[in-house]
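Novice: Got a structure for you, questions after.
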Amino acid sequence: MNVAILTMFNGLSKTYSLVSVVEEHLHMLLGGGMKVKVLVSQDCPDSERYGIYSDERIEWVKITNRLNGKQIHWLDYTQPTGRVHPTFFQEAEVIAASLYEAVRDVDVVFLHDILYQGWHLVHNIAIRQVQARLPRLRFLAMNHSYPAQRPLRMDWPLSGRYTPLPNTTYLYPAESGLPALASQYNVPLEQCRAIPNSLNLYGGMSEAVQRLGNLTDLLAPDILAVYPGRLTTGKQFEKAAALIGAIGAESGKQIKLIFCDFPSLDIEPASYKRIIRSAGESYGLGSEELIFTSDLGWPDGFPHRGVMELFTLSNLFICTSYSESFGLIVLEAASRGNLLVLNQAVPALEELGHGLNAYFMRWNARGFDCDTRESYHPSEEAYLREHAGIIVRQIENNPVLQAKTITRQRYNPQWIWENRLKPLIEGL
């Protein structure tokens, strides 16, 4: 499907928030396989194109901003009554001619504030002329500001800010604004849809995390745990895998455990990975739910910056380690907002965990006077399932963890595209 985005940008400075919003929509559209044109003012400098705006898949189209060789200066017509300047309709006609050539081969035109903003009134009127010539064309008209109250008296063409455009679905970032949006344009509420702004968490993260995110889904899991460490039996990774498996089985939630591992001389890596996977699988942990970064391109360890970034995505940190002298990784996980589950039998973890309000479980450990081995009654499975249920409830009842998780899951560009924007475009 061919989609045109009409912005009439004069520049691409991020101080104009709409630039970032359109940037995210471009990621969604291109990722969804759409053929995309971006329509901007002819005065928008090519030198300001960056990132997705410079993607070769985008057809960059400049819409005329000249009348008889002189620059068109946009005037802010926010009032509903009065007159426009003498050359207004001439300007609208030349802009309409330019727009017609740009959109005659597209299926959907995405209007960003074109119908709403007073200084875009000339483009508002121009696009109506184009629609009359291309009656099959569909429009998505996005309001990025609170809808304007519909006035009792209006004069044409100033009433264009309140007049329905044929074949148009009206969009707003929040459901709560849809009745006001419908009122502004005097259309049925069914013609209005909410398309929330998205938060691209990967946008400011390192290339390593972005690449990992392309290899395995880091955004959808209800419970995401990250455990960095040397691939040694002393870290008891198999215990963490078993607990995550039990959490998934008890809760029915979507789970994922990422081991940011690096090799050890203690045990052959492939052999230990089989033990870890077997422990997880015994509690229902699927192969796609247990990830070793060493298997995905980082055989010598995942970058530390990337680990810290993964902690900003995760909501659970499990440290089943047999022995620790301090546990700096615990502080790192805590600093990024994770529920901490620590091995209470390790003195350093118990000391640190009490100060951090951690949740404690017990696994085999090394103490200062002797090593300990845990016995579970009636069984280790019962122990894990009991604590799994408690851990899930703690995550669910923690408003900060819930806000963090929902933001990651429901406001990322991929979710917005698949659940909101794509069905809307394809439905047209």
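How things are named: the first chain in the structure tokens is A, the next is B, and so on; residues count from 1 in each chain; ligands count from 1 in the order shown.
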Enumerate the residues of stretch 231-389 of chain A with a DSSP assignment of helix (DSSP H, G or I), computed from the backbone, and present them as a PyMOL selection string.

Specialist: chain A and resi 233-235+237-251+269-281+287-289+293-295+304-313+328-335+347-355+380-389

Novice: Step one, run DSSP on the backbone; step two, keep only residues of stretch 41-110 of chain A assigned to strand (DSSP E); then write them as a ChimeraX atom specification.

Specialist: /A:41,58-63,66-67,70-71,108-110

Novice: So, with only C-alpha atoms as the atoms that count, which of A:Ala180, A:Ile291, A:Ala242, A:Ala348 lies closest to A:Gly213?

Specialist: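 Ranked by minimum distance to A:Gly213, first place goes to A:Ile291.
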
Novice: Give me the residues near stretch 411-422 of chain A as a PDB file with N, CA, C and O atoms, in the first residue's frame, where near means some atom within 9 Å (using only C-alpha atoms) and where sequence neighbours in that chain fewer than 4 positions away do not count.

Specialist:
```
ATOM      1  N   GLU A  24       8.606   8.353  14.400  1.00  0.00           N
ATOM      2  CA  GLU A  24       8.162   7.037  14.854  1.00  0.00           C
ATOM      3  C   GLU A  24       7.172   6.410  13.879  1.00  0.00           C
ATOM      4  O   GLU A  24       7.220   5.205  13.626  1.00  0.00           O
ATOM      5  N   HIS A  25       6.291   7.219  13.304  1.00  0.00           N
ATOM      6  CA  HIS A  25       5.344   6.683  12.323  1.00  0.00           C
ATOM      7  C   HIS A  25       6.068   6.154  11.083  1.00  0.00           C
ATOM      8  O   HIS A  25       5.663   5.150  10.488  1.00  0.00           O
ATOM      9  N   HIS A  27       9.077   4.830  11.072  1.00  0.00           N
ATOM     10  CA  HIS A  27       9.615   3.519  11.454  1.00  0.00           C
ATOM     11  C   HIS A  27       8.531   2.442  11.331  1.00  0.00           C
ATOM     12  O   HIS A  27       8.785   1.342  10.822  1.00  0.00           O
ATOM     13  N   MET A  28       7.336   2.763  11.801  1.00  0.00           N
ATOM     14  CA  MET A  28       6.237   1.791  11.747  1.00  0.00           C
ATOM     15  C   MET A  28       5.861   1.457  10.307  1.00  0.00           C
ATOM     16  O   MET A  28       5.729   0.285   9.936  1.00  0.00           O
ATOM     17  N   LEU A  29       5.674   2.481   9.495  1.00  0.00           N
ATOM     18  CA  LEU A  29       5.219   2.274   8.123  1.00  0.00           C
ATOM     19  C   LEU A  29       6.246   1.510   7.302  1.00  0.00           C
ATOM     20  O   LEU A  29       5.903   0.563   6.578  1.00  0.00           O
ATOM     21  N   GLY A  31       8.675  -0.372   8.484  1.00  0.00           N
ATOM     22  CA  GLY A  31       8.787  -1.716   9.051  1.00  0.00           C
ATOM     23  C   GLY A  31       7.637  -2.603   8.642  1.00  0.00           C
ATOM     24  O   GLY A  31       7.779  -3.828   8.569  1.00  0.00           O
ATOM     25  N   GLY A  32       6.481  -1.990   8.367  1.00  0.00           N
ATOM     26  CA  GLY A  32       5.313  -2.746   7.937  1.00  0.00           C
ATOM     27  C   GLY A  32       5.251  -2.981   6.441  1.00  0.00           C
ATOM     28  O   GLY A  32       4.256  -3.500   5.931  1.00  0.00           O
ATOM     29  N   ARG A 193     -10.596   7.733  15.835  1.00  0.00           N
ATOM     30  CA  ARG A 193      -9.803   6.662  16.429  1.00  0.00           C
ATOM     31  C   ARG A 193      -8.653   7.249  17.244  1.00  0.00           C
ATOM     32  O   ARG A 193      -8.165   8.343  16.957  1.00  0.00           O
ATOM     33  N   ALA A 194      -8.227   6.481  18.231  1.00  0.00           N
ATOM     34  CA  ALA A 194      -7.080   6.894  19.057  1.00  0.00           C
ATOM     35  C   ALA A 194      -5.819   6.184  18.582  1.00  0.00           C
ATOM     36  O   ALA A 194      -5.802   4.951  18.444  1.00  0.00           O
ATOM     37  N   ILE A 195      -4.775   6.948  18.307  1.00  0.00           N
ATOM     38  CA  ILE A 195      -3.452   6.415  17.970  1.00  0.00           C
ATOM     39  C   ILE A 195      -2.463   7.026  18.965  1.00  0.00           C
ATOM     40  O   ILE A 195      -1.994   8.155  18.781  1.00  0.00           O
ATOM     41  N   PRO A 196      -2.165   6.324  20.055  1.00  0.00           N
ATOM     42  CA  PRO A 196      -1.269   6.909  21.063  1.00  0.00           C
ATOM     43  C   PRO A 196       0.113   7.191  20.486  1.00  0.00           C
ATOM     44  O   PRO A 196       0.581   6.504  19.565  1.00  0.00           O
ATOM     45  N   ASN A 197       0.762   8.189  21.036  1.00  0.00           N
ATOM     46  CA  ASN A 197       2.169   8.400  20.712  1.00  0.00           C
ATOM     47  C   ASN A 197       2.970   7.231  21.269  1.00  0.00           C
ATOM     48  O   ASN A 197       2.631   6.678  22.314  1.00  0.00           O
ATOM     49  N   SER A 198       4.006   6.848  20.563  1.00  0.00           N
ATOM     50  CA  SER A 198       4.807   5.702  20.981  1.00  0.00           C
ATOM     51  C   SER A 198       6.119   6.156  21.613  1.00  0.00           C
ATOM     52  O   SER A 198       6.581   7.281  21.400  1.00  0.00           O
ATOM     53  N   LEU A 199       6.692   5.265  22.400  1.00  0.00           N
ATOM     54  CA  LEU A 199       7.992   5.505  23.018  1.00  0.00           C
ATOM     55  C   LEU A 199       8.959   4.458  22.491  1.00  0.00           C
ATOM     56  O   LEU A 199       8.840   3.267  22.812  1.00  0.00           O
ATOM     57  N   ASN A 200       9.900   4.887  21.683  1.00  0.00           N
ATOM     58  CA  ASN A 200      10.882   3.966  21.113  1.00  0.00           C
ATOM     59  C   ASN A 200      12.018   3.791  22.107  1.00  0.00           C
ATOM     60  O   ASN A 200      12.987   4.546  22.110  1.00  0.00           O
ATOM     61  N   LEU A 201      11.897   2.796  22.968  1.00  0.00           N
ATOM     62  CA  LEU A 201      12.909   2.568  23.999  1.00  0.00           C
ATOM     63  C   LEU A 201      14.263   2.224  23.397  1.00  0.00           C
ATOM     64  O   LEU A 201      15.303   2.517  23.986  1.00  0.00           O
ATOM     65  N   LEU A 219      10.380  -6.759  24.168  1.00  0.00           N
ATOM     66  CA  LEU A 219       9.353  -5.800  24.555  1.00  0.00           C
ATOM     67  C   LEU A 219       8.053  -6.447  25.017  1.00  0.00           C
ATOM     68  O   LEU A 219       7.370  -5.920  25.889  1.00  0.00           O
ATOM     69  N   ALA A 220       7.697  -7.587  24.456  1.00  0.00           N
ATOM     70  CA  ALA A 220       6.393  -8.188  24.729  1.00  0.00           C
ATOM     71  C   ALA A 220       6.290  -8.929  26.060  1.00  0.00           C
ATOM     72  O   ALA A 220       5.200  -8.987  26.639  1.00  0.00           O
ATOM     73  N   ILE A 406       4.098  -1.946  31.412  1.00  0.00           N
ATOM     74  CA  ILE A 406       3.056  -1.554  30.452  1.00  0.00           C
ATOM     75  C   ILE A 406       3.610  -0.585  29.419  1.00  0.00           C
ATOM     76  O   ILE A 406       3.291  -0.665  28.225  1.00  0.00           O
ATOM     77  N   THR A 407       4.466   0.330  29.867  1.00  0.00           N
ATOM     78  CA  THR A 407       5.090   1.266  28.924  1.00  0.00           C
ATOM     79  C   THR A 407       5.898   0.510  27.881  1.00  0.00           C
ATOM     80  O   THR A 407       5.825   0.799  26.676  1.00  0.00           O
ATOM     81  N   GLU A 426      -4.968  -0.722   6.749  1.00  0.00           N
ATOM     82  CA  GLU A 426      -5.417  -1.828   5.925  1.00  0.00           C
ATOM     83  C   GLU A 426      -6.943  -1.872   5.829  1.00  0.00           C
ATOM     84  O   GLU A 426      -7.496  -2.308   4.809  1.00  0.00           O
ATOM     85  N   GLY A 427      -7.624  -1.382   6.864  1.00  0.00           N
ATOM     86  CA  GLY A 427      -9.085  -1.340   6.832  1.00  0.00           C
ATOM     87  C   GLY A 427      -9.615  -0.319   5.843  1.00  0.00           C
ATOM     88  O   GLY A 427     -10.746  -0.435   5.368  1.00  0.00           O
TER      89      GLY A 427
END
```

Novice: Just want the 8 Å neighbourhood of A:His123, counted on only C-alpha atoms, with same-chain residues fewer than 5 positions away dropped. Output as a compact mmCIF listing (two decimals) with N, CA, C and O atoms, in the first residue's frame.

Specialist:
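To be explicit, this is the file written out as result-v9.txt:
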```txt
# COMPACT_ATOMS: atom_id res chain seq x y z
N ALA A 92 -3.67 28.68 -2.45
CA ALA A 92 -4.25 27.34 -2.26
C ALA A 92 -4.26 26.56 -3.57
O ALA A 92 -4.01 25.35 -3.60
N ILE A 95 -0.69 25.35 -4.50
CA ILE A 95 -0.33 24.27 -3.57
C ILE A 95 -1.10 23.01 -3.90
O ILE A 95 -0.54 21.91 -3.90
N ALA A 96 -2.39 23.16 -4.24
CA ALA A 96 -3.20 22.01 -4.59
C ALA A 96 -2.66 21.30 -5.83
O ALA A 96 -2.63 20.07 -5.90
N ILE A 114 -2.79 19.22 9.69
CA ILE A 114 -3.12 20.05 8.52
C ILE A 114 -4.53 20.63 8.64
O ILE A 114 -4.78 21.79 8.28
```

Novice: As a VMD selection string, please: the residues near stretch 13-20 of chain A (cut-off 12 Å, only C-alpha atoms, same-chain neighbours under 4 positions excluded).

Specialist: chain A and resid 5 to 9 24 to 27 38 40 44 to 45 47 to 53 111 to 114 142 to 145 197 to 200 203

Novice: Can you spit out the residues from that selection as an mmCIF file, in the first residue's frame, using C-alpha atoms?

Specialist:
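This went into out.cif:
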```
data_model
loop_
_atom_site.group_PDB
_atom_site.id
_atom_site.type_symbol
_atom_site.label_atom_id
_atom_site.label_comp_id
_atom_site.auth_asym_id
_atom_site.auth_seq_id
_atom_site.Cartn_x
_atom_site.Cartn_y
_atom_site.Cartn_z
ATOM 1 C CA ILE A 5 2.593 11.696 5.034
ATOM 2 C CA LEU A 6 1.703 15.359 4.665
ATOM 3 C CA THR A 7 3.556 17.420 7.266
ATOM 4 C CA MET A 8 4.600 20.604 5.421
ATOM 5 C CA PHE A 9 7.665 20.767 7.672
ATOM 6 C CA GLU A 24 8.162 7.037 14.854
ATOM 7 C CA HIS A 25 5.344 6.683 12.323
ATOM 8 C CA LEU A 26 7.933 6.353 9.567
ATOM 9 C CA HIS A 27 9.615 3.519 11.454
ATOM 10 C CA VAL A 38 6.948 12.367 2.944
ATOM 11 C CA VAL A 40 7.251 18.796 3.139
ATOM 12 C CA CYS A 44 12.632 22.358 4.192
ATOM 13 C CA PRO A 45 16.432 21.930 3.843
ATOM 14 C CA SER A 47 20.699 19.056 4.951
ATOM 15 C CA GLU A 48 18.470 18.619 8.014
ATOM 16 C CA ARG A 49 17.446 15.075 7.112
ATOM 17 C CA TYR A 50 18.742 12.537 9.635
ATOM 18 C CA GLY A 51 18.084 8.963 10.736
ATOM 19 C CA ILE A 52 14.854 7.563 9.352
ATOM 20 C CA TYR A 53 14.229 10.813 7.455
ATOM 21 C CA LEU A 111 -2.410 14.515 7.563
ATOM 22 C CA HIS A 112 -0.525 15.785 10.610
ATOM 23 C CA ASP A 113 -2.293 18.851 12.052
ATOM 24 C CA ILE A 114 -3.121 20.054 8.518
ATOM 25 C CA MET A 142 -4.307 13.526 13.053
ATOM 26 C CA ASN A 143 -4.927 16.222 15.656
ATOM 27 C CA HIS A 144 -1.904 16.524 17.946
ATOM 28 C CA SER A 145 -3.413 19.195 20.196
ATOM 29 C CA ASN A 197 2.169 8.400 20.712
ATOM 30 C CA SER A 198 4.807 5.702 20.981
ATOM 31 C CA LEU A 199 7.992 5.505 23.018
ATOM 32 C CA ASN A 200 10.882 3.966 21.113
ATOM 33 C CA GLY A 203 16.043 4.725 20.138
#
```

Novice: Neighbouring residues of A:Tyr116 were defined as those with any atom within 10 Å, considering only C-alpha atoms; residues of the same chain fewer than 6 positions away were excluded. Please report them as a ChimeraX atom specification.

Specialist: /A:78,124,141-148,160-162,184-185

Novice: Once you have the residues from the selection above, write them out as a compact mmCIF listing (two decimals), in the first residue's frame, restricted to all heavy atoms.

Specialist:
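The result, stored in out38.txt:
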```
# COMPACT_ATOMS: atom_id res chain seq x y z
N THR A 78 -6.72 31.25 13.08
CA THR A 78 -7.39 30.44 14.11
C THR A 78 -8.82 30.91 14.37
O THR A 78 -9.62 30.17 14.92
CB THR A 78 -6.59 30.50 15.43
OG1 THR A 78 -6.42 31.87 15.81
CG2 THR A 78 -5.23 29.85 15.26
N ASN A 124 -5.03 23.19 4.20
CA ASN A 124 -6.33 22.58 4.46
C ASN A 124 -7.24 22.74 3.24
O ASN A 124 -7.84 21.76 2.75
CB ASN A 124 -6.93 23.27 5.70
CG ASN A 124 -8.28 22.75 6.12
OD1 ASN A 124 -9.07 22.29 5.30
ND2 ASN A 124 -8.57 22.86 7.41
N ALA A 141 -6.57 11.95 9.38
CA ALA A 141 -6.28 13.32 9.82
C ALA A 141 -5.99 13.31 11.32
O ALA A 141 -6.88 13.07 12.14
CB ALA A 141 -7.46 14.23 9.51
N MET A 142 -4.74 13.58 11.65
CA MET A 142 -4.31 13.53 13.05
C MET A 142 -4.33 14.92 13.67
O MET A 142 -3.76 15.86 13.12
CB MET A 142 -2.89 12.95 13.12
CG MET A 142 -2.39 12.69 14.53
SD MET A 142 -2.91 11.06 15.10
CE MET A 142 -2.38 11.09 16.81
N ASN A 143 -5.02 15.03 14.81
CA ASN A 143 -4.93 16.22 15.66
C ASN A 143 -3.92 15.93 16.76
O ASN A 143 -4.09 14.96 17.51
CB ASN A 143 -6.28 16.54 16.31
CG ASN A 143 -7.13 17.46 15.49
OD1 ASN A 143 -7.11 17.40 14.27
ND2 ASN A 143 -7.92 18.30 16.15
N HIS A 144 -2.90 16.75 16.89
CA HIS A 144 -1.90 16.52 17.95
C HIS A 144 -2.12 17.42 19.16
O HIS A 144 -1.42 17.28 20.16
CB HIS A 144 -0.50 16.72 17.39
CG HIS A 144 -0.10 15.66 16.41
ND1 HIS A 144 0.33 14.42 16.80
CD2 HIS A 144 -0.10 15.64 15.05
CE1 HIS A 144 0.60 13.68 15.73
NE2 HIS A 144 0.34 14.41 14.66
N SER A 145 -3.07 18.33 19.07
CA SER A 145 -3.41 19.20 20.20
C SER A 145 -4.88 18.98 20.54
O SER A 145 -5.64 18.41 19.76
CB SER A 145 -3.16 20.66 19.84
OG SER A 145 -1.81 20.89 19.51
N TYR A 146 -5.27 19.47 21.72
CA TYR A 146 -6.64 19.26 22.15
C TYR A 146 -7.59 19.86 21.11
O TYR A 146 -7.38 20.98 20.65
CB TYR A 146 -6.89 19.89 23.52
CG TYR A 146 -8.17 19.39 24.14
CD1 TYR A 146 -8.18 18.18 24.83
CD2 TYR A 146 -9.36 20.10 24.00
CE1 TYR A 146 -9.36 17.70 25.37
CE2 TYR A 146 -10.54 19.62 24.54
CZ TYR A 146 -10.54 18.42 25.22
OH TYR A 146 -11.71 17.94 25.75
N PRO A 147 -8.63 19.12 20.73
CA PRO A 147 -9.56 19.60 19.70
C PRO A 147 -10.12 20.98 20.03
O PRO A 147 -10.37 21.32 21.19
CB PRO A 147 -10.66 18.53 19.69
CG PRO A 147 -9.97 17.29 20.18
CD PRO A 147 -8.98 17.75 21.19
N ALA A 148 -10.33 21.77 18.98
CA ALA A 148 -10.89 23.12 19.15
C ALA A 148 -12.41 23.03 19.34
O ALA A 148 -13.08 22.19 18.73
CB ALA A 148 -10.56 23.97 17.93
N GLY A 160 -12.91 25.90 7.44
CA GLY A 160 -12.24 24.66 7.04
C GLY A 160 -11.67 23.90 8.22
O GLY A 160 -11.51 22.67 8.16
N ARG A 161 -11.35 24.60 9.31
CA ARG A 161 -10.82 23.94 10.50
C ARG A 161 -11.89 23.12 11.21
O ARG A 161 -11.57 22.36 12.14
CB ARG A 161 -10.23 24.97 11.46
CG ARG A 161 -9.02 25.71 10.92
CD ARG A 161 -8.41 26.64 11.96
NE ARG A 161 -7.93 25.88 13.11
CZ ARG A 161 -8.24 26.16 14.35
NH1 ARG A 161 -9.06 27.16 14.64
NH2 ARG A 161 -7.74 25.44 15.34
N TYR A 162 -13.15 23.27 10.82
CA TYR A 162 -14.25 22.58 11.49
C TYR A 162 -15.11 21.79 10.51
O TYR A 162 -16.11 21.18 10.93
CB TYR A 162 -15.13 23.60 12.22
CG TYR A 162 -14.35 24.51 13.13
CD1 TYR A 162 -13.89 25.75 12.69
CD2 TYR A 162 -14.03 24.11 14.43
CE1 TYR A 162 -13.16 26.58 13.52
CE2 TYR A 162 -13.28 24.94 15.27
CZ TYR A 162 -12.85 26.17 14.81
OH TYR A 162 -12.10 26.97 15.63
N GLN A 184 -15.54 18.75 17.02
CA GLN A 184 -14.86 19.78 16.23
C GLN A 184 -15.21 19.67 14.76
O GLN A 184 -15.50 20.68 14.10
CB GLN A 184 -13.34 19.69 16.41
CG GLN A 184 -12.58 20.69 15.51
CD GLN A 184 -11.08 20.65 15.72
OE1 GLN A 184 -10.58 20.16 16.72
NE2 GLN A 184 -10.34 21.18 14.74
N TYR A 185 -15.19 18.47 14.23
CA TYR A 185 -15.42 18.28 12.79
C TYR A 185 -16.86 17.90 12.47
O TYR A 185 -17.18 17.66 11.30
CB TYR A 185 -14.45 17.23 12.25
CG TYR A 185 -13.01 17.68 12.35
CD1 TYR A 185 -12.15 17.11 13.29
CD2 TYR A 185 -12.53 18.71 11.54
CE1 TYR A 185 -10.84 17.55 13.39
CE2 TYR A 185 -11.22 19.14 11.65
CZ TYR A 185 -10.38 18.57 12.58
OH TYR A 185 -9.08 19.01 12.69
```

Novice: Considering only C-alpha atoms, state which residue in the set A:Leu39, A:Val400, A:Ile395, A:Leu115 is at the smallest distance from A:Glu101.

Specialist: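 So, comparing all the options, the nearest one is A:Leu39.
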
Novice: For the atom pair atom CA of A:Glu324 and atom CA of A:Arg230, what is the interatomic distance in Å to one decimal place?

Specialist: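 Between these atoms lies a distance of 12.7 Å.
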
Novice: Considering only C-alpha atoms, return as number ranges by chain whatever protein or nucleic-acid residues lie within 10 Å of stretch 262-268 of chain A, sequence-local ones (same chain, fewer than 6 positions apart) excluded.

Specialist: A: 228-234, 292-294, 298-302

Novice: Save the residues we just selected, N, CA and C atoms, as a PDB file, in the first residue's frame?

Specialist:
```
ATOM      1  N   PRO A 228      23.307 -11.484  34.024  1.00  0.00           N
ATOM      2  CA  PRO A 228      24.649 -11.484  33.444  1.00  0.00           C
ATOM      3  C   PRO A 228      25.605 -12.298  34.326  1.00  0.00           C
ATOM      4  N   GLY A 229      26.576 -12.962  33.708  1.00  0.00           N
ATOM      5  CA  GLY A 229      27.571 -13.671  34.506  1.00  0.00           C
ATOM      6  C   GLY A 229      28.382 -14.664  33.703  1.00  0.00           C
ATOM      7  N   ARG A 230      29.474 -15.057  34.311  1.00  0.00           N
ATOM      8  CA  ARG A 230      30.324 -16.084  33.706  1.00  0.00           C
ATOM      9  C   ARG A 230      29.574 -17.413  33.712  1.00  0.00           C
ATOM     10  N   LEU A 231      29.721 -18.169  32.628  1.00  0.00           N
ATOM     11  CA  LEU A 231      28.993 -19.424  32.476  1.00  0.00           C
ATOM     12  C   LEU A 231      29.673 -20.513  33.308  1.00  0.00           C
ATOM     13  N   THR A 232      29.463 -20.396  34.619  1.00  0.00           N
ATOM     14  CA  THR A 232      30.056 -21.343  35.552  1.00  0.00           C
ATOM     15  C   THR A 232      28.961 -21.896  36.459  1.00  0.00           C
ATOM     16  N   THR A 233      29.154 -23.123  36.923  1.00  0.00           N
ATOM     17  CA  THR A 233      28.148 -23.743  37.791  1.00  0.00           C
ATOM     18  C   THR A 233      27.974 -22.962  39.087  1.00  0.00           C
ATOM     19  N   GLY A 234      28.989 -22.153  39.453  1.00  0.00           N
ATOM     20  CA  GLY A 234      28.883 -21.349  40.664  1.00  0.00           C
ATOM     21  C   GLY A 234      27.769 -20.311  40.603  1.00  0.00           C
ATOM     22  N   PHE A 292      20.659 -17.218  25.513  1.00  0.00           N
ATOM     23  CA  PHE A 292      22.063 -16.981  25.846  1.00  0.00           C
ATOM     24  C   PHE A 292      22.610 -16.003  24.818  1.00  0.00           C
ATOM     25  N   THR A 293      23.102 -14.856  25.268  1.00  0.00           N
ATOM     26  CA  THR A 293      23.629 -13.892  24.304  1.00  0.00           C
ATOM     27  C   THR A 293      24.847 -14.453  23.576  1.00  0.00           C
ATOM     28  N   SER A 294      25.544 -15.420  24.188  1.00  0.00           N
ATOM     29  CA  SER A 294      26.692 -16.031  23.514  1.00  0.00           C
ATOM     30  C   SER A 294      26.274 -16.807  22.277  1.00  0.00           C
ATOM     31  N   TRP A 298      27.483 -12.803  20.646  1.00  0.00           N
ATOM     32  CA  TRP A 298      28.399 -12.227  21.645  1.00  0.00           C
ATOM     33  C   TRP A 298      29.049 -13.359  22.441  1.00  0.00           C
ATOM     34  N   PRO A 299      29.929 -14.148  21.812  1.00  0.00           N
ATOM     35  CA  PRO A 299      30.506 -15.325  22.478  1.00  0.00           C
ATOM     36  C   PRO A 299      31.388 -14.980  23.668  1.00  0.00           C
ATOM     37  N   ASP A 300      31.922 -13.774  23.700  1.00  0.00           N
ATOM     38  CA  ASP A 300      32.818 -13.387  24.793  1.00  0.00           C
ATOM     39  C   ASP A 300      32.180 -12.433  25.785  1.00  0.00           C
ATOM     40  N   GLY A 301      30.885 -12.321  25.729  1.00  0.00           N
ATOM     41  CA  GLY A 301      30.189 -11.483  26.689  1.00  0.00           C
ATOM     42  C   GLY A 301      29.451 -10.327  26.033  1.00  0.00           C
ATOM     43  N   PHE A 302      28.332  -9.950  26.627  1.00  0.00           N
ATOM     44  CA  PHE A 302      27.530  -8.830  26.142  1.00  0.00           C
ATOM     45  C   PHE A 302      28.100  -7.543  26.732  1.00  0.00           C
TER      46      PHE A 302
END
```

Novice: Could you tell me how far atom CA of A:Arg336 lies from atom CA of A:Met308, in Å and to one decimal?

Specialist: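 These atoms are spaced 7.6 Å apart.
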
Novice: Suppose you want the space between atom CA of A:Leu75 and atom CA of A:Pro151; what is it in Å?

Specialist: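 These two atoms are separated by 20.1 Å.
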
Novice: Return the single residue from A:Pro303, A:Pro157, A:Gly297, A:Pro179 that is closest to A:Phe89, with distances computed using only C-alpha atoms.

Specialist: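 Closest residue, counting only C-alpha atoms: A:Pro157.
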